[in-house]
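Novice: Data file work21.txt (compact mmCIF, C-alpha atoms) is appended below.
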```txt
# COMPACT_ATOMS: atom_id res chain seq x y z
CA MET A 1087 13.61 -48.06 13.18
CA SER A 1088 12.13 -50.76 11.02
CA HIS A 1089 11.11 -48.86 7.91
CA GLY A 1090 10.72 -45.46 6.33
CA PHE A 1091 12.30 -42.15 7.21
CA GLU A 1092 13.42 -40.69 10.49
CA PHE A 1093 14.85 -37.23 11.12
CA ARG A 1094 17.26 -36.41 13.86
CA ASN A 1095 18.11 -33.06 15.37
CA ALA A 1096 21.57 -31.68 15.88
CA ALA A 1097 21.89 -33.59 19.15
CA GLY A 1098 21.25 -36.85 17.39
CA ASN A 1099 17.79 -37.33 18.88
CA VAL A 1100 14.94 -38.47 16.66
CA SER A 1101 12.55 -35.58 16.03
CA ILE A 1102 10.22 -37.01 13.39
CA THR A 1103 9.65 -40.60 12.31
CA MET A 1104 7.28 -42.31 9.94
CA ASP A 1105 4.85 -42.68 12.83
CA ASP A 1106 4.34 -38.94 12.54
CA ALA A 1107 2.83 -36.87 9.82
CA MET A 1108 5.07 -33.98 9.05
CA PRO A 1109 3.10 -31.01 10.41
CA ARG A 1110 2.26 -28.82 7.44
CA LEU A 1111 0.37 -25.66 6.65
CA VAL A 1112 -2.39 -26.64 4.26
CA HIS A 1113 -4.00 -23.25 3.83
CA SER A 1114 -3.83 -19.77 5.30
CA GLN A 1115 -6.13 -16.92 4.41
CA ARG A 1116 -6.90 -13.48 5.73
CA PHE A 1117 -10.50 -12.39 6.28
CA ALA A 1118 -12.02 -9.02 6.96
CA ASN A 1119 -13.99 -8.70 10.16
CA GLY A 1120 -17.63 -9.48 9.63
CA PHE A 1121 -16.92 -11.70 6.64
CA SER A 1122 -19.78 -13.98 5.72
CA GLY A 1123 -19.39 -16.67 3.09
CA THR A 1124 -17.63 -19.88 2.22
CA ILE A 1125 -14.18 -21.03 1.24
CA SER A 1126 -13.04 -24.31 -0.21
CA VAL A 1127 -9.90 -26.05 1.05
CA PRO A 1128 -9.73 -29.28 -0.93
CA ASP A 1129 -6.46 -30.50 0.60
CA PHE A 1130 -7.64 -30.30 4.22
CA ASP A 1131 -8.94 -33.31 6.14
CA SER A 1132 -10.36 -32.54 9.58
CA ASP A 1133 -9.71 -36.14 10.67
CA LYS A 1134 -6.01 -35.46 10.26
CA GLY A 1135 -5.69 -31.84 11.20
CA MET A 1136 -7.42 -28.79 12.56
CA PHE A 1137 -7.91 -25.12 11.75
CA TYR A 1138 -7.68 -22.12 14.00
CA VAL A 1139 -8.31 -18.40 14.01
CA SER A 1140 -5.56 -15.90 14.62
CA PRO A 1141 -6.86 -12.33 14.99
CA CYS A 1142 -4.99 -9.40 13.57
CA ALA A 1143 -3.87 -6.78 16.01
CA VAL A 1144 -4.97 -3.29 15.08
CA ARG A 1145 -3.12 -0.05 15.30
CA GLN A 1146 -3.91 1.81 18.46
CA THR A 1147 -5.45 5.21 17.99
CA GLY A 1148 -5.03 7.89 20.54
CA PRO A 1149 -2.22 9.93 21.99
CA TYR A 1150 0.52 7.73 20.71
CA ASN A 1151 3.22 8.20 18.20
CA LEU A 1152 1.96 6.61 15.00
CA THR A 1153 5.24 6.86 13.19
CA ARG A 1154 7.92 4.33 13.69
CA ASP A 1155 10.26 5.80 16.26
CA ASP A 1156 12.20 3.46 18.44
CA THR A 1157 13.23 6.24 20.75
CA ALA A 1158 9.73 7.40 21.58
CA ASP A 1159 8.23 6.51 24.91
CA TYR A 1160 5.34 4.81 23.19
CA PRO A 1161 6.30 3.78 19.69
CA ASP A 1162 3.93 2.09 17.28
CA SER A 1163 1.45 0.20 19.31
CA PHE A 1164 -1.31 -2.28 18.83
CA THR A 1165 -4.25 -3.49 20.78
CA ILE A 1166 -5.41 -7.04 21.05
CA SER A 1167 -8.69 -8.11 22.45
CA CYS A 1168 -9.76 -11.49 23.62
CA ASN A 1169 -13.47 -10.94 23.72
CA GLY A 1170 -16.14 -12.75 21.84
CA LYS A 1171 -16.66 -10.71 18.75
CA MET A 1172 -13.40 -11.53 17.18
CA ILE A 1173 -14.12 -15.23 16.87
CA PRO A 1174 -16.23 -16.03 13.83
CA ASP A 1175 -18.63 -18.92 13.59
CA LEU A 1176 -16.90 -21.64 11.60
CA SER A 1177 -18.52 -24.73 10.16
CA TRP A 1178 -16.40 -27.22 8.25
CA ASP A 1179 -17.88 -29.86 5.95
CA ASN A 1180 -15.26 -32.55 5.54
CA THR A 1181 -17.14 -34.15 2.66
CA THR A 1182 -17.44 -31.10 0.46
CA LYS A 1183 -14.25 -29.53 1.90
CA VAL A 1184 -16.06 -26.24 2.35
CA MET A 1185 -15.85 -23.92 5.33
CA THR A 1186 -18.85 -21.71 6.07
CA ILE A 1187 -17.98 -18.53 7.94
CA ASN A 1188 -20.31 -16.14 9.70
CA PRO A 1189 -19.73 -13.35 12.17
CA THR A 1190 -20.78 -14.19 15.68
CA VAL A 1191 -23.54 -12.49 17.58
CA PHE A 1192 -22.40 -10.89 20.78
CA PRO A 1193 -24.20 -12.05 23.95
CA TYR A 1194 -27.04 -9.71 24.83
CA TYR A 1195 -25.90 -9.56 28.43
CA TRP A 1196 -22.39 -8.50 27.61
CA PRO A 1197 -21.08 -5.84 29.98
CA SER A 1198 -20.30 -2.33 28.96
CA ASN A 1199 -16.99 -3.00 27.25
CA GLU A 1200 -17.27 -2.24 23.58
CA PRO A 1201 -16.99 -5.34 21.46
CA TYR A 1202 -14.12 -5.10 19.03
CA PHE A 1203 -14.03 -6.40 15.51
CA TYR A 1204 -10.81 -7.71 14.08
CA ASP A 1205 -9.66 -9.02 10.79
CA TYR A 1206 -8.25 -12.48 11.21
CA TYR A 1207 -6.31 -15.28 9.63
CA LEU A 1208 -7.72 -18.73 9.29
CA ASN A 1209 -4.98 -21.36 9.26
CA PHE A 1210 -5.42 -25.02 8.40
CA LEU A 1211 -2.78 -27.36 9.79
CA ALA A 1212 -2.25 -30.98 8.78
CA LEU A 1213 -0.92 -33.34 11.41
CA ASN A 1214 -1.26 -36.92 12.46
CA LYS A 1215 -4.78 -37.16 13.81
CA ARG A 1216 -7.63 -35.31 15.43
CA PHE A 1217 -9.21 -37.20 18.29
CA ILE A 1218 -12.66 -36.67 19.72
CA VAL A 1219 -13.19 -35.63 23.32
CA MET B 103 -1.66 -34.86 -6.28
CA SER B 104 -0.52 -35.70 -9.79
CA TYR B 105 3.23 -35.49 -9.53
CA GLY B 106 6.13 -35.03 -7.13
CA ILE B 107 6.76 -36.59 -3.76
CA GLN B 108 4.15 -37.83 -1.30
CA LEU B 109 4.69 -40.14 1.66
CA THR B 110 1.98 -41.78 3.73
CA ASN B 111 2.87 -42.84 7.26
CA SER B 112 2.00 -45.95 9.18
CA TYR B 113 -1.26 -44.36 10.40
CA GLY B 114 -2.42 -43.63 6.89
CA ALA B 115 -1.81 -39.93 7.26
CA GLN B 116 0.07 -38.07 4.60
CA ALA B 117 3.49 -37.65 6.14
CA LEU B 118 5.24 -35.43 3.65
CA ASP B 119 4.58 -33.78 0.32
CA ASP B 120 5.99 -31.06 -1.85
CA GLN B 121 2.86 -28.92 -2.01
CA HIS B 122 2.43 -27.70 1.57
CA LYS B 123 5.03 -26.05 3.74
CA SER B 124 6.20 -28.11 6.67
CA LEU B 125 6.10 -26.50 10.09
CA VAL B 126 9.48 -25.94 11.65
CA VAL B 127 10.51 -24.63 15.03
CA LYS B 128 11.53 -21.01 14.61
CA TYR B 129 12.01 -19.87 18.18
CA SER B 130 11.90 -21.17 21.68
CA GLY B 131 12.26 -19.74 25.15
CA THR B 132 10.12 -18.98 28.16
CA THR B 133 7.27 -16.51 28.45
CA LYS B 134 8.22 -13.29 30.09
CA SER B 135 6.33 -11.38 32.71
CA GLN B 136 5.17 -7.88 31.99
CA GLN B 137 7.23 -6.51 34.81
CA THR B 138 10.45 -7.65 33.30
CA LEU B 139 9.38 -6.10 30.04
CA ASN B 140 9.16 -2.70 31.57
CA SER B 141 9.78 -1.57 35.09
CA ALA B 142 7.28 1.24 34.69
CA VAL B 143 4.18 -0.96 34.62
CA ILE B 144 1.66 -0.58 37.36
CA ALA B 145 3.25 -1.59 40.61
CA ASN B 146 0.55 -3.95 41.77
CA ASP B 147 0.42 -6.04 38.63
CA ASN B 148 0.93 -9.68 39.26
CA PRO B 149 3.92 -10.94 37.27
CA ASP B 150 2.10 -14.16 36.57
CA LEU B 151 -0.86 -12.52 34.91
CA LEU B 152 0.72 -12.11 31.54
CA GLY B 153 3.16 -14.33 29.79
CA VAL B 154 4.49 -13.25 26.44
CA CYS B 155 6.76 -14.91 23.96
CA ARG B 156 9.72 -12.76 24.64
CA THR B 157 11.48 -13.30 21.37
CA TYR B 158 8.87 -11.20 19.67
CA LEU B 159 9.19 -8.29 22.00
CA ARG B 160 11.69 -5.54 22.17
CA SER B 161 12.94 -4.86 25.65
CA GLY B 162 11.84 -1.69 27.31
CA THR B 163 8.38 -1.66 25.80
CA PHE B 164 4.93 -2.43 27.06
CA ALA B 165 2.98 -5.56 26.41
CA ALA B 166 -0.55 -6.20 27.45
CA LEU B 167 -4.04 -7.16 26.51
CA PRO B 168 -7.00 -4.87 27.03
CA GLN B 169 -10.72 -5.28 27.19
CA VAL B 170 -11.05 -8.51 29.11
CA ASP B 171 -10.61 -8.22 32.80
CA GLN B 172 -8.80 -11.46 33.34
CA TRP B 173 -6.06 -10.02 31.23
CA LYS B 174 -4.42 -7.53 33.50
CA ARG B 175 -4.53 -4.10 32.00
CA VAL B 176 -1.25 -2.32 31.82
CA GLY B 177 0.22 0.66 30.09
CA PRO B 178 -0.26 4.37 30.56
CA ASN B 179 -3.03 5.10 33.05
CA ASN B 180 -3.73 1.39 33.27
CA ASN B 181 -6.18 1.81 30.42
CA TYR B 182 -4.48 0.66 27.29
CA GLY B 183 -2.91 -2.48 26.15
CA LEU B 184 0.25 -1.80 24.25
CA ILE B 185 2.61 -4.02 22.51
CA TYR B 186 5.47 -3.28 20.26
CA CYS B 187 6.44 -6.10 18.05
CA ASP B 188 9.88 -6.81 16.70
CA ILE B 189 8.85 -9.38 14.16
CA PRO B 190 11.60 -11.74 13.07
CA ALA B 191 12.50 -12.07 9.43
CA ASN B 192 11.24 -15.65 9.24
CA GLY B 193 8.00 -14.91 11.10
CA SER B 194 4.69 -15.52 9.41
CA ASP B 195 0.99 -15.04 9.95
CA ALA B 196 0.60 -18.80 10.34
CA ASP B 197 3.04 -19.33 13.20
CA THR B 198 1.65 -21.24 16.17
CA VAL B 199 2.90 -21.06 19.73
CA PHE B 200 3.22 -24.23 21.80
CA TYR B 201 3.70 -24.23 25.56
CA GLN B 202 4.78 -26.78 28.15
CA ILE B 203 2.02 -26.30 30.70
CA SER B 204 2.63 -28.01 34.00
CA GLU B 205 0.56 -28.27 37.16
CA ALA B 206 2.77 -25.65 38.73
CA LYS B 207 1.91 -23.21 35.93
CA LYS B 208 -1.72 -23.78 35.09
CA VAL B 209 -3.13 -21.67 32.28
CA SER B 210 -6.61 -20.17 32.07
CA ALA B 211 -6.25 -17.93 29.03
CA SER B 212 -4.27 -18.17 25.83
CA LEU B 213 -4.27 -16.14 22.66
CA GLU B 214 -2.15 -15.67 19.65
CA ALA B 215 -2.48 -12.77 17.26
CA VAL B 216 -1.05 -11.63 13.95
CA PHE B 217 0.74 -8.33 13.65
CA GLU B 218 0.62 -6.41 10.41
CA ASP B 219 2.25 -3.07 10.85
CA PRO B 220 1.73 -1.04 7.66
CA GLY B 221 5.11 0.54 8.25
CA TYR B 222 6.85 -2.76 8.57
CA PRO B 223 6.93 -5.31 5.78
CA GLN B 224 7.03 -8.44 7.89
CA THR B 225 4.01 -10.07 9.47
CA GLY B 226 4.28 -12.35 12.44
CA CYS B 227 2.41 -13.72 15.40
CA VAL B 228 2.66 -13.22 19.11
CA GLY B 229 1.46 -15.64 21.75
CA PHE B 230 0.04 -14.75 25.14
CA ILE B 231 -0.82 -16.89 28.11
CA ASN B 232 -1.59 -15.79 31.62
CA ARG B 233 1.60 -17.24 33.07
CA ALA B 234 5.17 -16.12 33.04
CA ASN B 235 8.19 -18.39 32.81
CA VAL B 236 6.43 -21.04 30.77
CA PRO B 237 8.57 -22.75 28.10
CA PHE B 238 7.38 -22.13 24.56
CA LYS B 239 8.22 -23.07 21.00
CA VAL B 240 6.99 -21.22 17.94
CA ALA B 241 6.28 -23.50 14.99
CA GLY B 242 5.54 -22.03 11.60
CA PRO B 243 5.72 -22.72 7.88
CA ILE B 244 9.23 -23.10 6.62
CA THR B 245 10.86 -20.17 4.85
CA ALA B 246 14.06 -19.87 2.87
CA LEU B 247 15.68 -18.53 6.02
CA ASP B 248 14.88 -21.79 7.79
CA SER B 249 16.54 -23.79 5.04
CA GLN B 250 20.13 -22.70 5.00
CA GLY B 251 21.91 -26.00 5.47
CA GLY B 252 24.09 -27.43 2.76
CA TYR B 253 23.11 -31.03 3.27
CA GLY B 254 20.10 -33.26 3.83
CA LEU B 255 16.87 -33.50 1.89
CA ARG B 256 14.86 -30.55 0.66
CA THR B 257 11.67 -30.40 -1.37
CA PHE B 258 10.33 -27.44 -3.34
CA ASN B 259 7.00 -26.65 -4.91
CA GLU B 260 6.49 -25.80 -8.55
CA VAL B 261 7.52 -22.18 -8.11
CA GLY B 262 10.66 -23.00 -6.16
CA ASP B 263 9.51 -22.29 -2.60
CA VAL B 264 11.06 -24.63 -0.07
CA MET B 265 8.45 -26.99 1.40
CA PHE B 266 10.62 -29.22 3.54
CA ASP B 267 14.19 -29.40 4.74
CA SER B 268 15.41 -32.35 6.77
CA ASN B 269 17.96 -30.05 8.35
CA ALA B 270 15.32 -27.84 9.96
CA GLY B 271 14.05 -28.22 13.52
CA PHE B 272 10.75 -30.04 13.78
CA LEU B 273 8.08 -30.29 16.41
CA ALA B 274 6.17 -33.57 16.28
CA ILE B 275 2.67 -32.08 16.31
CA ARG B 276 0.72 -35.28 16.68
CA TYR B 277 -2.85 -34.50 17.64
CA ALA B 278 -5.62 -31.93 17.75
CA PHE B 279 -8.85 -31.90 19.70
CA ILE B 280 -11.77 -29.57 20.37
CA LEU B 281 -13.52 -28.77 23.61
CA SER B 282 -17.00 -27.56 22.83
CA LYS B 283 -18.69 -24.52 24.27
CA ALA B 284 -21.13 -26.84 26.03
CA THR B 285 -18.23 -28.58 27.74
CA MET B 286 -16.78 -25.25 28.77
CA ASP B 287 -20.12 -24.14 30.17
CA SER B 288 -20.44 -27.33 32.20
CA LEU B 289 -16.92 -26.93 33.60
CA LEU B 290 -17.65 -23.37 34.69
CA VAL B 291 -20.31 -24.53 37.13
CA THR B 292 -18.45 -27.34 38.88
CA ASP B 293 -15.10 -28.08 40.45
CA THR B 294 -15.08 -31.56 38.97
CA PRO B 295 -12.17 -31.79 36.53
CA LEU B 296 -12.35 -33.00 32.95
CA ASP B 297 -9.47 -35.25 31.94
CA VAL B 298 -8.64 -35.43 28.26
CA THR B 299 -6.77 -38.65 27.56
CA LEU B 300 -4.12 -38.44 24.90
CA PRO B 301 -3.90 -41.34 22.43
CA GLU B 302 -0.37 -42.07 23.60
CA ALA B 303 1.95 -41.17 26.43
CA MET B 304 3.49 -37.76 25.73
CA ALA B 305 5.45 -36.65 28.76
CA ASN B 306 6.20 -32.92 28.85
CA CYS B 307 4.12 -32.39 25.74
CA TRP B 308 3.74 -29.05 23.99
CA ILE B 309 0.24 -27.60 23.79
CA ALA B 310 -1.08 -24.85 21.54
CA ALA B 311 -4.40 -23.17 22.33
CA PRO B 312 -4.66 -20.30 19.83
CA ILE B 313 -7.82 -18.87 21.40
CA TYR B 314 -8.79 -19.91 24.88
CA ALA B 315 -10.59 -17.65 27.34
CA PRO B 316 -13.67 -19.21 28.95
CA TYR B 317 -14.78 -17.49 32.13
CA ASP B 318 -17.72 -16.15 34.04
CA TYR B 319 -18.15 -13.18 36.31
CA SER B 320 -20.94 -12.42 38.74
CA PHE B 321 -21.71 -8.92 39.89
CA VAL B 322 -23.89 -7.46 42.59
CA THR B 323 -25.23 -3.95 42.45
CA TYR B 324 -24.50 -1.70 45.38
CA ALA B 325 -25.20 2.03 45.46
CA GLY B 326 -25.76 2.02 41.75
CA SER B 327 -22.48 0.33 40.88
CA ASP B 328 -21.72 -3.19 39.81
CA ILE B 329 -19.29 -4.90 42.17
CA LEU B 330 -17.53 -8.07 41.16
CA SER B 331 -18.74 -10.81 43.47
CA ARG B 332 -17.39 -13.98 41.93
CA ARG B 333 -15.19 -14.95 39.04
CA ALA B 334 -14.32 -18.29 37.55
CA TYR B 335 -11.95 -19.50 34.86
CA ILE B 336 -11.09 -22.91 33.49
CA GLU B 337 -7.48 -23.79 34.01
CA PHE B 338 -5.70 -26.51 32.08
CA TRP B 339 -2.38 -28.25 32.39
CA GLN B 340 -0.65 -31.53 31.66
CA HIS B 341 -1.62 -33.73 34.58
CA ASP B 342 0.42 -36.79 33.64
CA ALA B 343 1.95 -38.31 30.52
CA THR B 344 -1.42 -39.21 29.02
CA THR B 345 -3.73 -36.62 30.55
CA ILE B 346 -4.51 -32.96 30.04
CA ARG B 347 -6.73 -31.76 32.86
CA PHE B 348 -9.31 -28.96 32.74
CA GLN B 349 -10.74 -27.62 35.98
CA ARG B 350 -12.48 -24.53 37.24
CA TRP B 351 -10.74 -21.97 39.35
CA SER B 352 -13.08 -19.62 41.17
CA ALA B 353 -13.03 -16.96 43.84
CA THR B 354 -15.96 -15.41 45.66
CA SER B 355 -15.67 -12.02 47.31
CA LEU B 356 -19.35 -11.23 47.88
CA THR B 357 -22.46 -13.32 48.03
CA SER B 358 -25.84 -12.33 46.73
CA SER B 359 -29.09 -14.06 45.99
CA THR B 360 -29.53 -12.04 42.81
CA PRO B 361 -26.20 -11.52 41.14
CA THR B 362 -25.86 -10.30 37.59
CA TYR B 363 -24.09 -13.02 35.71
CA TYR B 364 -21.79 -12.61 32.72
CA ALA B 365 -20.31 -15.66 31.10
CA TYR B 366 -18.24 -16.16 28.03
CA SER B 367 -17.19 -19.45 26.57
CA HIS B 368 -16.48 -20.83 23.15
CA ASP B 369 -15.30 -23.89 21.29
CA ALA B 370 -11.59 -24.18 21.87
CA ILE B 371 -9.06 -25.90 19.66
CA PHE B 372 -5.91 -27.53 20.98
CA TYR B 373 -2.85 -28.95 19.31
CA VAL B 374 -0.53 -31.35 21.08
CA ALA B 375 3.08 -32.03 20.14
CA ARG B 376 5.46 -34.58 21.50
CA ASP B 377 8.51 -33.42 23.39
CA SER B 378 11.59 -34.46 21.48
```
Could I get this file's structure written as structure tokens?
Specialist:
Amino acid sequence: MSHGFEFRNAAGNVSITMDDAMPRLVHSQRFANGFSGTISVPDFDSDKGMFYVSPCAVRQTGPYNLTRDDTADYPDSFTISCNGKMIPDLSWDNTTKVMTINPTVFPYYWPSNEPYFYDYYLNFLALNKRFIV
Amino acid sequence: MSYGIQLTNSYGAQALDDQHKSLVVKYSGTTKSQQTLNSAVIANDNPDLLGVCRTYLRSGTFAALPQVDQWKRVGPNNNYGLIYCDIPANGSDADTVFYQISEAKKVSASLEAVFEDPGYPQTGCVGFINRANVPFKVAGPITALDSQGGYGLRTFNEVGDVMFDSNAGFLAIRYAFILSKATMDSLLVTDTPLDVTLPEAMANCWIAAPIYAPYDYSFVTYAGSDILSRRAYIEFWQHDATTIRFQRWSATSLTSSTPTYYAYSHDAIFYVARDS
């Protein structure tokens, strides 16, 4: 190590040095499904980080025990879907630091499965660098 | 920033500050197959079709994903996806799950989701990939519970929340990249792989893909019913120290000159952390 900080784990191995940016959460916000609008995240730089969507699971309806009961066969339960509707359209302007959010349009040819709408979190992480593929 | 601590690293990136919570490693382990979660799941389920971060799950309960066929459906009557979440006290809605994805355990679908049980005060996230026995680490914003040591360096924000603790476990999350929907679409129609070259050698790196599920299905109609004729996914894995490889996996069971074609792809975001 020639300069700056380094952090070592309990085994004595270097985990973070000054060649790294300490990974940090810049912003996290919950959105209702179908949200359309903009948010400003002044501290985020998409050259040195990235954002992602994390959908909220929803409580399952149906013949299940909806009270918390650890002894029940099927205690509180949730469904998660991985289909297209839950991912919003996101457009980030790194100059104005504004994110434009719109709900996506489901493909017209989508099979018979019902598209599901989910609330979601949008998380902005700072790290060392985003590279272009 | 007008006051406090701020460090810029040798790449010009802000390395540390006292305004944003650092991400620390909260849990680690290997993804668990659905069959070991509950012996009552459907007998013909493939144990490799669902990998779950086991630390978030209570034993003896179901875990599954519904609605998308590449996620094996499990649960009562094979119709419902159920999961029961035992969210840890230091969990948060901004946790991110990183996996060590090798050629022996290629991944074609990955998702993480936030759980907010109204009857349970804690929120947290759960990660899913379509492989069991894959090493994972959950990184999330530091909480007071992650900062219990009596030595080292800590920083706090203006309201006293811990932002950094040198005694916490860190994951060197170095890079992020995006694969566009157009790239996904092109990969779905060829067996030619796409190699993403990392800016540095990162053997046994940790990869997070919060939403990743590109695929296409083709159907033929027979006697009024749609029959799956071909399916394709895009698998990815760490090919060597500097390469993450993306390549189609496909299987054809029927051929037809006029199949009905369903495809789904999307921009996908990846984070890459160094193994340390």
Novice: I need the residue nearest A:Phe1130 from this list: A:Thr1181, A:Phe1093, A:Val1219, A:Asp1205. Use only C-alpha atoms for the distance.
Specialist: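 Counting only C-alpha atoms, the residue closest to A:Phe1130 is A:Thr1181.
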Novice: Can you list, as a PyMOL selection string, every protein, DNA or RNA residue that comes within 12 Å of A:Trp1178 when you count all atoms listed in the file, leaving out same-chain residues fewer than 2 positions away?
Specialist: chain A and resi 1124-1128+1130-1133+1136-1138+1175-1176+1180-1188+1210
Novice: Which of these residues is nearest to chain A, using only C-alpha atoms: B:Phe372, B:Tyr201, B:Tyr129, B:Phe258?
Specialist: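 The shortest atom-to-atom distance to chain A comes from B:Phe372.
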Novice: With 4 Å of padding per side, what axis-aligned box (centre and edge lengths, Å, one decimal) covers all the listed atoms of stretch 335-346 of chain B? Give it as JSON.
Specialist:
```
{"center_x": -5.0, "center_y": -29.4, "center_z": 31.9, "size_x": 21.9, "size_y": 27.7, "size_z": 13.8}
```
Novice: Could you jot down the atom CA of B:Thr299 to atom CA of B:Ser212 separation for me, Å, one decimal place?
Specialist: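 Distance between the two atoms: 20.7 Å.
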